[in-house]
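Data file: structure.pdb. Format and content: PDB, C-alpha atoms and all ligand atoms.
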ATOM      1  CA  MET A   1       4.442 -12.970  -7.592  1.00  0.00           C
ATOM      2  CA  VAL A   2       7.534 -11.956  -5.603  1.00  0.00           C
ATOM      3  CA  SER A   3       7.819 -12.283  -1.837  1.00  0.00           C
ATOM      4  CA  ILE A   4       9.912 -10.665   0.845  1.00  0.00           C
ATOM      5  CA  VAL A   5      10.004 -12.035   4.396  1.00  0.00           C
ATOM      6  CA  THR A   6      10.439  -9.580   7.263  1.00  0.00           C
ATOM      7  CA  LYS A   7      11.399 -10.659  10.759  1.00  0.00           C
ATOM      8  CA  SER A   8      10.381  -7.529  12.665  1.00  0.00           C
ATOM      9  CA  PRO A   9       8.053  -4.508  12.467  1.00  0.00           C
ATOM     10  CA  GLN A  10      11.107  -2.349  11.733  1.00  0.00           C
ATOM     11  CA  GLU A  11      11.959  -4.454   8.699  1.00  0.00           C
ATOM     12  CA  THR A  12       8.433  -4.163   7.322  1.00  0.00           C
ATOM     13  CA  GLU A  13       8.513  -0.418   7.786  1.00  0.00           C
ATOM     14  CA  TYR A  14      11.884  -0.320   6.044  1.00  0.00           C
ATOM     15  CA  ILE A  15      10.473  -2.142   2.992  1.00  0.00           C
ATOM     16  CA  GLY A  16       7.910   0.657   2.754  1.00  0.00           C
ATOM     17  CA  LYS A  17      10.585   3.299   3.143  1.00  0.00           C
ATOM     18  CA  ARG A  18      12.622   1.786   0.308  1.00  0.00           C
ATOM     19  CA  MET A  19       9.580   1.314  -1.892  1.00  0.00           C
ATOM     20  CA  ALA A  20       8.746   5.016  -1.583  1.00  0.00           C
ATOM     21  CA  ALA A  21      11.810   5.875  -3.663  1.00  0.00           C
ATOM     22  CA  PHE A  22      10.332   4.109  -6.695  1.00  0.00           C
ATOM     23  CA  LEU A  23       6.792   5.510  -6.507  1.00  0.00           C
ATOM     24  CA  THR A  24       5.530   7.933  -9.135  1.00  0.00           C
ATOM     25  CA  PRO A  25       2.401  10.156  -9.246  1.00  0.00           C
ATOM     26  CA  GLY A  26      -0.743   8.165  -9.988  1.00  0.00           C
ATOM     27  CA  ASP A  27       0.493   4.875  -8.523  1.00  0.00           C
ATOM     28  CA  ILE A  28      -2.210   2.820  -6.857  1.00  0.00           C
ATOM     29  CA  ILE A  29      -1.673  -0.071  -4.491  1.00  0.00           C
ATOM     30  CA  SER A  30      -4.165  -2.469  -2.933  1.00  0.00           C
ATOM     31  CA  LEU A  31      -3.053  -3.745   0.490  1.00  0.00           C
ATOM     32  CA  THR A  32      -4.548  -6.930   1.867  1.00  0.00           C
ATOM     33  CA  GLY A  33      -3.934  -9.172   4.836  1.00  0.00           C
ATOM     34  CA  ASP A  34      -5.572  -9.904   8.171  1.00  0.00           C
ATOM     35  CA  LEU A  35      -6.043  -7.355  10.902  1.00  0.00           C
ATOM     36  CA  GLY A  36      -2.604  -6.743  12.425  1.00  0.00           C
ATOM     37  CA  ALA A  37      -0.736  -8.060   9.384  1.00  0.00           C
ATOM     38  CA  GLY A  38       1.205  -4.828   8.952  1.00  0.00           C
ATOM     39  CA  LYS A  39      -0.639  -2.898   6.221  1.00  0.00           C
ATOM     40  CA  THR A  40      -0.647   0.368   8.127  1.00  0.00           C
ATOM     41  CA  LEU A  41       2.955  -0.138   9.225  1.00  0.00           C
ATOM     42  CA  LEU A  42       4.020  -0.531   5.594  1.00  0.00           C
ATOM     43  CA  VAL A  43       2.262   2.757   4.742  1.00  0.00           C
ATOM     44  CA  GLN A  44       4.025   4.398   7.689  1.00  0.00           C
ATOM     45  CA  GLY A  45       7.299   3.353   6.062  1.00  0.00           C
ATOM     46  CA  ILE A  46       6.116   4.727   2.720  1.00  0.00           C
ATOM     47  CA  ALA A  47       5.314   8.040   4.416  1.00  0.00           C
ATOM     48  CA  LYS A  48       8.782   8.221   5.950  1.00  0.00           C
ATOM     49  CA  GLY A  49      10.353   7.430   2.601  1.00  0.00           C
ATOM     50  CA  LEU A  50       8.369  10.206   0.952  1.00  0.00           C
ATOM     51  CA  GLY A  51       9.614  12.626   3.587  1.00  0.00           C
ATOM     52  CA  ILE A  52       6.298  12.959   5.439  1.00  0.00           C
ATOM     53  CA  GLU A  53       6.792  13.826   9.099  1.00  0.00           C
ATOM     54  CA  ASP A  54       3.130  13.764  10.139  1.00  0.00           C
ATOM     55  CA  ILE A  55       2.161  10.775  12.236  1.00  0.00           C
ATOM     56  CA  VAL A  56       0.381   8.287   9.984  1.00  0.00           C
ATOM     57  CA  THR A  57      -2.468   6.486  11.730  1.00  0.00           C
ATOM     58  CA  SER A  58      -5.041   4.041  10.466  1.00  0.00           C
ATOM     59  CA  PRO A  59      -7.810   5.872   8.563  1.00  0.00           C
ATOM     60  CA  THR A  60     -10.400   3.317   9.683  1.00  0.00           C
ATOM     61  CA  PHE A  61     -13.013   5.916  10.620  1.00  0.00           C
ATOM     62  CA  THR A  62     -12.164   8.688   8.163  1.00  0.00           C
ATOM     63  CA  ILE A  63     -11.713   6.193   5.253  1.00  0.00           C
ATOM     64  CA  ILE A  64      -9.109   8.536   3.731  1.00  0.00           C
ATOM     65  CA  GLN A  65      -6.187  10.508   5.103  1.00  0.00           C
ATOM     66  CA  GLN A  66      -4.071  12.619   2.825  1.00  0.00           C
ATOM     67  CA  TYR A  67      -0.565  13.927   3.351  1.00  0.00           C
ATOM     68  CA  GLU A  68       0.695  16.679   1.071  1.00  0.00           C
ATOM     69  CA  GLU A  69       4.066  17.523   2.610  1.00  0.00           C
ATOM     70  CA  GLY A  70       6.202  14.792   1.016  1.00  0.00           C
ATOM     71  CA  ARG A  71       7.891  14.290  -2.363  1.00  0.00           C
ATOM     72  CA  ILE A  72       4.526  13.104  -3.771  1.00  0.00           C
ATOM     73  CA  PRO A  73       1.100  13.467  -2.110  1.00  0.00           C
ATOM     74  CA  LEU A  74       0.138  10.323  -0.193  1.00  0.00           C
ATOM     75  CA  TYR A  75      -3.473   9.158  -0.053  1.00  0.00           C
ATOM     76  CA  HIS A  76      -4.001   6.477   2.572  1.00  0.00           C
ATOM     77  CA  MET A  77      -7.345   4.707   2.594  1.00  0.00           C
ATOM     78  CA  ASP A  78      -8.869   1.972   4.705  1.00  0.00           C
ATOM     79  CA  VAL A  79     -12.071   0.693   3.093  1.00  0.00           C
ATOM     80  CA  TYR A  80     -12.807  -1.995   5.705  1.00  0.00           C
ATOM     81  CA  ARG A  81     -16.020  -0.226   6.709  1.00  0.00           C
ATOM     82  CA  ILE A  82     -17.265   0.420   3.180  1.00  0.00           C
ATOM     83  CA  LYS A  83     -20.499  -1.502   2.658  1.00  0.00           C
ATOM     84  CA  ASP A  84     -21.285  -0.391  -0.872  1.00  0.00           C
ATOM     85  CA  PRO A  85     -19.021   1.043  -3.619  1.00  0.00           C
ATOM     86  CA  ILE A  86     -21.476   3.964  -3.747  1.00  0.00           C
ATOM     87  CA  GLU A  87     -19.908   5.162  -0.491  1.00  0.00           C
ATOM     88  CA  MET A  88     -16.609   5.431  -2.354  1.00  0.00           C
ATOM     89  CA  GLU A  89     -18.269   7.709  -4.901  1.00  0.00           C
ATOM     90  CA  ASP A  90     -19.496   9.846  -2.012  1.00  0.00           C
ATOM     91  CA  ILE A  91     -15.952  10.399  -0.753  1.00  0.00           C
ATOM     92  CA  GLY A  92     -14.833  11.194  -4.311  1.00  0.00           C
ATOM     93  CA  TYR A  93     -12.407   8.290  -4.641  1.00  0.00           C
ATOM     94  CA  GLU A  94     -11.702   9.011  -8.322  1.00  0.00           C
ATOM     95  CA  GLU A  95     -10.016  12.251  -7.406  1.00  0.00           C
ATOM     96  CA  TYR A  96      -7.469  10.157  -5.492  1.00  0.00           C
ATOM     97  CA  PHE A  97      -7.239   7.046  -7.686  1.00  0.00           C
ATOM     98  CA  TYR A  98      -6.647   9.129 -10.799  1.00  0.00           C
ATOM     99  CA  GLY A  99      -4.858  12.039  -9.120  1.00  0.00           C
ATOM    100  CA  GLN A 100      -1.253  13.190  -8.799  1.00  0.00           C
ATOM    101  CA  GLY A 101      -0.499  11.362  -5.585  1.00  0.00           C
ATOM    102  CA  VAL A 102       0.150   7.747  -4.651  1.00  0.00           C
ATOM    103  CA  THR A 103      -2.814   5.855  -3.244  1.00  0.00           C
ATOM    104  CA  PHE A 104      -2.594   2.958  -0.782  1.00  0.00           C
ATOM    105  CA  VAL A 105      -5.883   1.188  -0.096  1.00  0.00           C
ATOM    106  CA  GLU A 106      -6.041  -1.115   2.913  1.00  0.00           C
ATOM    107  CA  TRP A 107      -8.596  -3.901   2.284  1.00  0.00           C
ATOM    108  CA  GLY A 108      -8.583  -3.031  -1.429  1.00  0.00           C
ATOM    109  CA  ASN A 109      -9.910  -6.554  -2.107  1.00  0.00           C
ATOM    110  CA  LEU A 110     -13.322  -5.331  -0.881  1.00  0.00           C
ATOM    111  CA  ILE A 111     -13.680  -2.922  -3.822  1.00  0.00           C
ATOM    112  CA  PRO A 112     -11.895  -4.702  -6.715  1.00  0.00           C
ATOM    113  CA  GLU A 113     -14.201  -3.217  -9.363  1.00  0.00           C
ATOM    114  CA  LEU A 114     -13.083   0.322  -8.530  1.00  0.00           C
ATOM    115  CA  PHE A 115      -9.393  -0.244  -9.212  1.00  0.00           C
ATOM    116  CA  PRO A 116      -7.858   0.774 -12.532  1.00  0.00           C
ATOM    117  CA  GLU A 117      -6.858  -2.240 -14.595  1.00  0.00           C
ATOM    118  CA  GLU A 118      -3.173  -1.653 -13.878  1.00  0.00           C
ATOM    119  CA  HIS A 119      -2.272  -1.545 -10.200  1.00  0.00           C
ATOM    120  CA  LEU A 120      -0.124  -3.277  -7.608  1.00  0.00           C
ATOM    121  CA  LYS A 121      -1.424  -5.827  -5.144  1.00  0.00           C
ATOM    122  CA  ILE A 122       0.469  -6.328  -1.891  1.00  0.00           C
ATOM    123  CA  HIS A 123      -0.619  -9.111   0.432  1.00  0.00           C
ATOM    124  CA  ILE A 124       0.862  -9.548   3.903  1.00  0.00           C
ATOM    125  CA  THR A 125       0.666 -12.904   5.660  1.00  0.00           C
ATOM    126  CA  ASN A 126       1.482 -13.592   9.277  1.00  0.00           C
ATOM    127  CA  ILE A 127       4.061 -16.398   9.311  1.00  0.00           C
ATOM    128  CA  GLU A 128       5.714 -18.125  12.216  1.00  0.00           C
ATOM    129  CA  ASP A 129       8.762 -15.882  12.460  1.00  0.00           C
ATOM    130  CA  GLY A 130       7.473 -12.648  10.938  1.00  0.00           C
ATOM    131  CA  ARG A 131       5.551 -11.572   7.851  1.00  0.00           C
ATOM    132  CA  GLU A 132       5.576 -12.621   4.218  1.00  0.00           C
ATOM    133  CA  ILE A 133       4.953  -9.650   1.923  1.00  0.00           C
ATOM    134  CA  ASP A 134       3.769 -10.718  -1.532  1.00  0.00           C
ATOM    135  CA  PHE A 135       3.920  -8.368  -4.499  1.00  0.00           C
ATOM    136  CA  GLU A 136       1.632  -8.999  -7.442  1.00  0.00           C
ATOM    137  CA  PRO A 137       1.948  -6.352 -10.144  1.00  0.00           C
ATOM    138  CA  VAL A 138      -0.752  -5.956 -12.777  1.00  0.00           C
ATOM    139  CA  GLY A 139       0.728  -4.153 -15.777  1.00  0.00           C
ATOM    140  CA  ARG A 140       4.225  -3.294 -16.982  1.00  0.00           C
ATOM    141  CA  HIS A 141       4.591  -0.168 -14.890  1.00  0.00           C
ATOM    142  CA  TYR A 142       4.074  -2.120 -11.655  1.00  0.00           C
ATOM    143  CA  MET A 143       6.277  -4.993 -12.831  1.00  0.00           C
ATOM    144  CA  ASP A 144       9.048  -2.413 -13.232  1.00  0.00           C
ATOM    145  CA  LEU A 145       8.350  -1.042  -9.769  1.00  0.00           C
ATOM    146  CA  VAL A 146       8.540  -4.495  -8.161  1.00  0.00           C
ATOM    147  CA  GLU A 147      11.672  -5.213 -10.170  1.00  0.00           C
ATOM    148  CA  GLU A 148      13.356  -2.084  -8.851  1.00  0.00           C
ATOM    149  CA  LEU A 149      12.347  -2.889  -5.303  1.00  0.00           C
ATOM    150  CA  THR A 150      13.163  -6.591  -5.214  1.00  0.00           C
ATOM    151  CA  GLY A 151      15.585  -7.173  -8.059  1.00  0.00           C
ATOM    152  CA  HIS A 152      13.211  -9.777  -9.495  1.00  0.00           C
ATOM    153  CA  ALA A 153      13.167  -9.552 -13.295  1.00  0.00           C
ATOM    154  CA  TYR A 154       9.839 -10.026 -15.058  1.00  0.00           C
ATOM    155  CA  THR A 155       9.982 -11.332 -18.613  1.00  0.00           C
ATOM    156  CA  ARG A 156       9.554  -8.707 -21.310  1.00  0.00           C
ATOM    157  CA  ILE A 157       7.522  -9.695 -24.321  1.00  0.00           C
TER     158      ILE A 157
HETATM  159  P1  LIG A 201      -2.878  -3.761   9.785  1.00  0.00           P
HETATM  160  O1  LIG A 201      -2.889  -2.370   9.255  1.00  0.00           O
HETATM  161  O2  LIG A 201      -2.579  -4.791   8.731  1.00  0.00           O
HETATM  162  O3  LIG A 201      -4.109  -4.112  10.558  1.00  0.00           O
HETATM  163  P2  LIG A 201      -0.801  -2.762  11.567  1.00  0.00           P
HETATM  164  O4  LIG A 201       0.272  -2.265  10.671  1.00  0.00           O
HETATM  165  O5  LIG A 201      -1.704  -1.755  12.184  1.00  0.00           O
HETATM  166  O6  LIG A 201      -1.668  -3.893  10.797  1.00  0.00           O
HETATM  167  O7  LIG A 201      -0.194  -3.610  12.761  1.00  0.00           O
HETATM  168  C1  LIG A 201       0.777  -4.622  12.585  1.00  0.00           C
HETATM  169  C2  LIG A 201       1.224  -5.074  13.981  1.00  0.00           C
HETATM  170  O8  LIG A 201       1.991  -6.259  13.898  1.00  0.00           O
HETATM  171  C3  LIG A 201       2.058  -4.024  14.664  1.00  0.00           C
HETATM  172  O9  LIG A 201       1.686  -3.972  16.021  1.00  0.00           O
HETATM  173  C4  LIG A 201       3.481  -4.568  14.515  1.00  0.00           C
HETATM  174  O10 LIG A 201       4.332  -4.144  15.543  1.00  0.00           O
HETATM  175  C5  LIG A 201       3.243  -6.077  14.554  1.00  0.00           C
HETATM  176  N1  LIG A 201       4.297  -6.858  13.873  1.00  0.00           N
HETATM  177  C6  LIG A 201       5.051  -7.836  14.402  1.00  0.00           C
HETATM  178  N2  LIG A 201       5.953  -8.317  13.529  1.00  0.00           N
HETATM  179  C7  LIG A 201       5.756  -7.656  12.387  1.00  0.00           C
HETATM  180  C8  LIG A 201       6.380  -7.705  11.088  1.00  0.00           C
HETATM  181  N3  LIG A 201       7.386  -8.544  10.780  1.00  0.00           N
HETATM  182  N4  LIG A 201       5.904  -6.863  10.150  1.00  0.00           N
HETATM  183  C9  LIG A 201       4.873  -6.033  10.425  1.00  0.00           C
HETATM  184  N5  LIG A 201       4.249  -5.920  11.609  1.00  0.00           N
HETATM  185  C10 LIG A 201       4.695  -6.730  12.600  1.00  0.00           C
HETATM  186 MG    MG A 202      -4.453  -0.928   9.154  1.00  0.00          MG
END
This entry written out as structure tokens:
Amino acid sequence: MVSIVTKSPQETEYIGKRMAAFLTPGDIISLTGDLGAGKTLLVQGIAKGLGIEDIVTSPTFTIIQQYEEGRIPLYHMDVYRIKDPIEMEDIGYEEYFYGQGVTFVEWGNLIPELFPEEHLKIHITNIEDGREIDFEPVGRHYMDLVEELTGHAYTRI
């Protein structure tokens, strides 16, 4: 796991903006952290970095919002209200998870069984003077992504 500490909302958004440069089609990221941790703000930074000018708001009621105008399509989900993975089937989640865009799932920990084996976990914790953003890549592709973003080198076997 690699962590970055941000001291302001602007810094968190900037991490997202920088991260956007390293994203490739098909990437899937699970975002976790308490309400108000900064999950949506991070995705707003991602959107900016992808060149999306639409206003990105929390998809709490729609479950999914998609933005097609950037460098790569952005699929932004919030599954907080999902009670049963069946509801994910109803919204056709596979089309997004295995599509040509990048998918960010707020509260992804609520549907762990639906994630592909390889994905990136990002957890945001409220700390005294800001936020700690933890990156936990599962699979080589996401290790490379975190390495590019943070400079942390994962061992190659
Ligand atoms: P979530 O989607 O996790 O519920 P939001 O991104 O909607 O959270 O909201 C995060 C809130 O916390 C925003 O109001 C933001 O201004 C505030 N905040 C304060 N400091 C930080 C920080 N260092 N990083 C991210 N958000 C912060
Ligand atoms: Mg949110």
Test item: residues no farther than 10 Å from ligand LIG 201 (chain A), counting only C-alpha atoms and all ligand atoms, as a PyMOL selection string: chain A and resi 5-15+31-44+57-60+78+106-107+123-133
For the selection you just gave me, I'd like the residues written to a file as a compact mmCIF listing (two decimals), in the frame of the given file, keeping C-alpha atoms.
# COMPACT_ATOMS: atom_id res chain seq x y z
CA VAL A 5 10.00 -12.04 4.40
CA THR A 6 10.44 -9.58 7.26
CA LYS A 7 11.40 -10.66 10.76
CA SER A 8 10.38 -7.53 12.66
CA PRO A 9 8.05 -4.51 12.47
CA GLN A 10 11.11 -2.35 11.73
CA GLU A 11 11.96 -4.45 8.70
CA THR A 12 8.43 -4.16 7.32
CA GLU A 13 8.51 -0.42 7.79
CA TYR A 14 11.88 -0.32 6.04
CA ILE A 15 10.47 -2.14 2.99
CA LEU A 31 -3.05 -3.74 0.49
CA THR A 32 -4.55 -6.93 1.87
CA GLY A 33 -3.93 -9.17 4.84
CA ASP A 34 -5.57 -9.90 8.17
CA LEU A 35 -6.04 -7.36 10.90
CA GLY A 36 -2.60 -6.74 12.42
CA ALA A 37 -0.74 -8.06 9.38
CA GLY A 38 1.20 -4.83 8.95
CA LYS A 39 -0.64 -2.90 6.22
CA THR A 40 -0.65 0.37 8.13
CA LEU A 41 2.96 -0.14 9.22
CA LEU A 42 4.02 -0.53 5.59
CA VAL A 43 2.26 2.76 4.74
CA GLN A 44 4.03 4.40 7.69
CA THR A 57 -2.47 6.49 11.73
CA SER A 58 -5.04 4.04 10.47
CA PRO A 59 -7.81 5.87 8.56
CA THR A 60 -10.40 3.32 9.68
CA ASP A 78 -8.87 1.97 4.70
CA GLU A 106 -6.04 -1.12 2.91
CA TRP A 107 -8.60 -3.90 2.28
CA HIS A 123 -0.62 -9.11 0.43
CA ILE A 124 0.86 -9.55 3.90
CA THR A 125 0.67 -12.90 5.66
CA ASN A 126 1.48 -13.59 9.28
CA ILE A 127 4.06 -16.40 9.31
CA GLU A 128 5.71 -18.12 12.22
CA ASP A 129 8.76 -15.88 12.46
CA GLY A 130 7.47 -12.65 10.94
CA ARG A 131 5.55 -11.57 7.85
CA GLU A 132 5.58 -12.62 4.22
CA ILE A 133 4.95 -9.65 1.92
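For Leu110 in chain A, the non-local neighbours within 12 Å, defined as residues at least 5 positions apart in the same chain or in other chains and counting all atoms listed in the file, are Ser30, Leu31, Thr32, Gly33, Asp78, Val79, Tyr80, Arg81, Ile82, Lys83, Asp84, Pro85, Met88, Val105 and Phe115 of chain A.
Against the coordinates shown, the PyMOL selection byres (((chain A and resi 49) around 7) and not hetatm) returns A:Lys17, A:Arg18, A:Ala20, A:Ala21, A:Gly45, A:Ile46, A:Ala47, A:Lys48, A:Leu50, A:Gly51.
The residues caught by the PyMOL selection byres (((chain A and resi 71-75) around 8) and not hetatm) in this file are Thr24, Pro25, Ala47, Leu50, Gly51, Ile64, Gln65, Gln66, Tyr67, Glu68, Glu69, Gly70, His76, Met77, Tyr96, Gln100, Gly101, Val102, Thr103 and Phe104 of chain A.
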Separation of CA of Tyr98 in chain A from CA of Ala153 in chain A, in Å and rounded to one decimal: 27.3 Å
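As for CA of Glu89 in chain A and CA of Ile28 in chain A, they are spaced 16.9 Å apart.
CA of Glu95 in chain A is positioned 18.4 Å from CA of Leu120 in chain A.
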Distance query Gly151 in chain A at most 12 Å, all atoms listed in the file, self and fewer than 5 positions along chain excluded, as a ChimeraX atom specification: /A:2-4,143-146
Would you save the residues from that selection as a JSON list (two decimals), in the frame of the given file, using C-alpha atoms?
[["chain", "number", "residue", "atom", "x", "y", "z"],
["A", 2, "VAL", "CA", 7.53, -11.96, -5.60],
["A", 3, "SER", "CA", 7.82, -12.28, -1.84],
["A", 4, "ILE", "CA", 9.91, -10.66, 0.84],
["A", 143, "MET", "CA", 6.28, -4.99, -12.83],
["A", 144, "ASP", "CA", 9.05, -2.41, -13.23],
["A", 145, "LEU", "CA", 8.35, -1.04, -9.77],
["A", 146, "VAL", "CA", 8.54, -4.50, -8.16]]
Option closest in space to ligand MG 202 (chain A), from A:Gly108, A:Gly99, A:Glu53, A:Met1 [counting only C-alpha atoms and all ligand atoms]: A:Gly108
The PyMOL selection byres (((chain A and resi 117) around 9) and not hetatm) applied to the shown file, residues as a list in words: Phe115, Pro116, Glu118, His119, Val138 and Gly139 of chain A
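Of the listed residues (A:Ile111, A:Leu23, A:Ile29, A:Ile63), A:Ile63 comes nearest to ligand MG 202 (chain A); the distances count only C-alpha atoms and all ligand atoms.
Minimum distance to ligand MG 202 (chain A) across A:Asp134, A:Leu114, A:Phe61, A:Ile91 (counting only C-alpha atoms and all ligand atoms) occurs at A:Phe61.
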Around all of range 4-17 of chain A's listed atoms, make the axis-aligned box with 3 Å on each side and tell me centre and edge lengths in Å to one decimal, as lines of an AutoDock Vina configuration file.
center_x = 9.9
center_y = -4.4
center_z = 6.8
size_x = 10.0
size_y = 21.3
size_z = 17.8
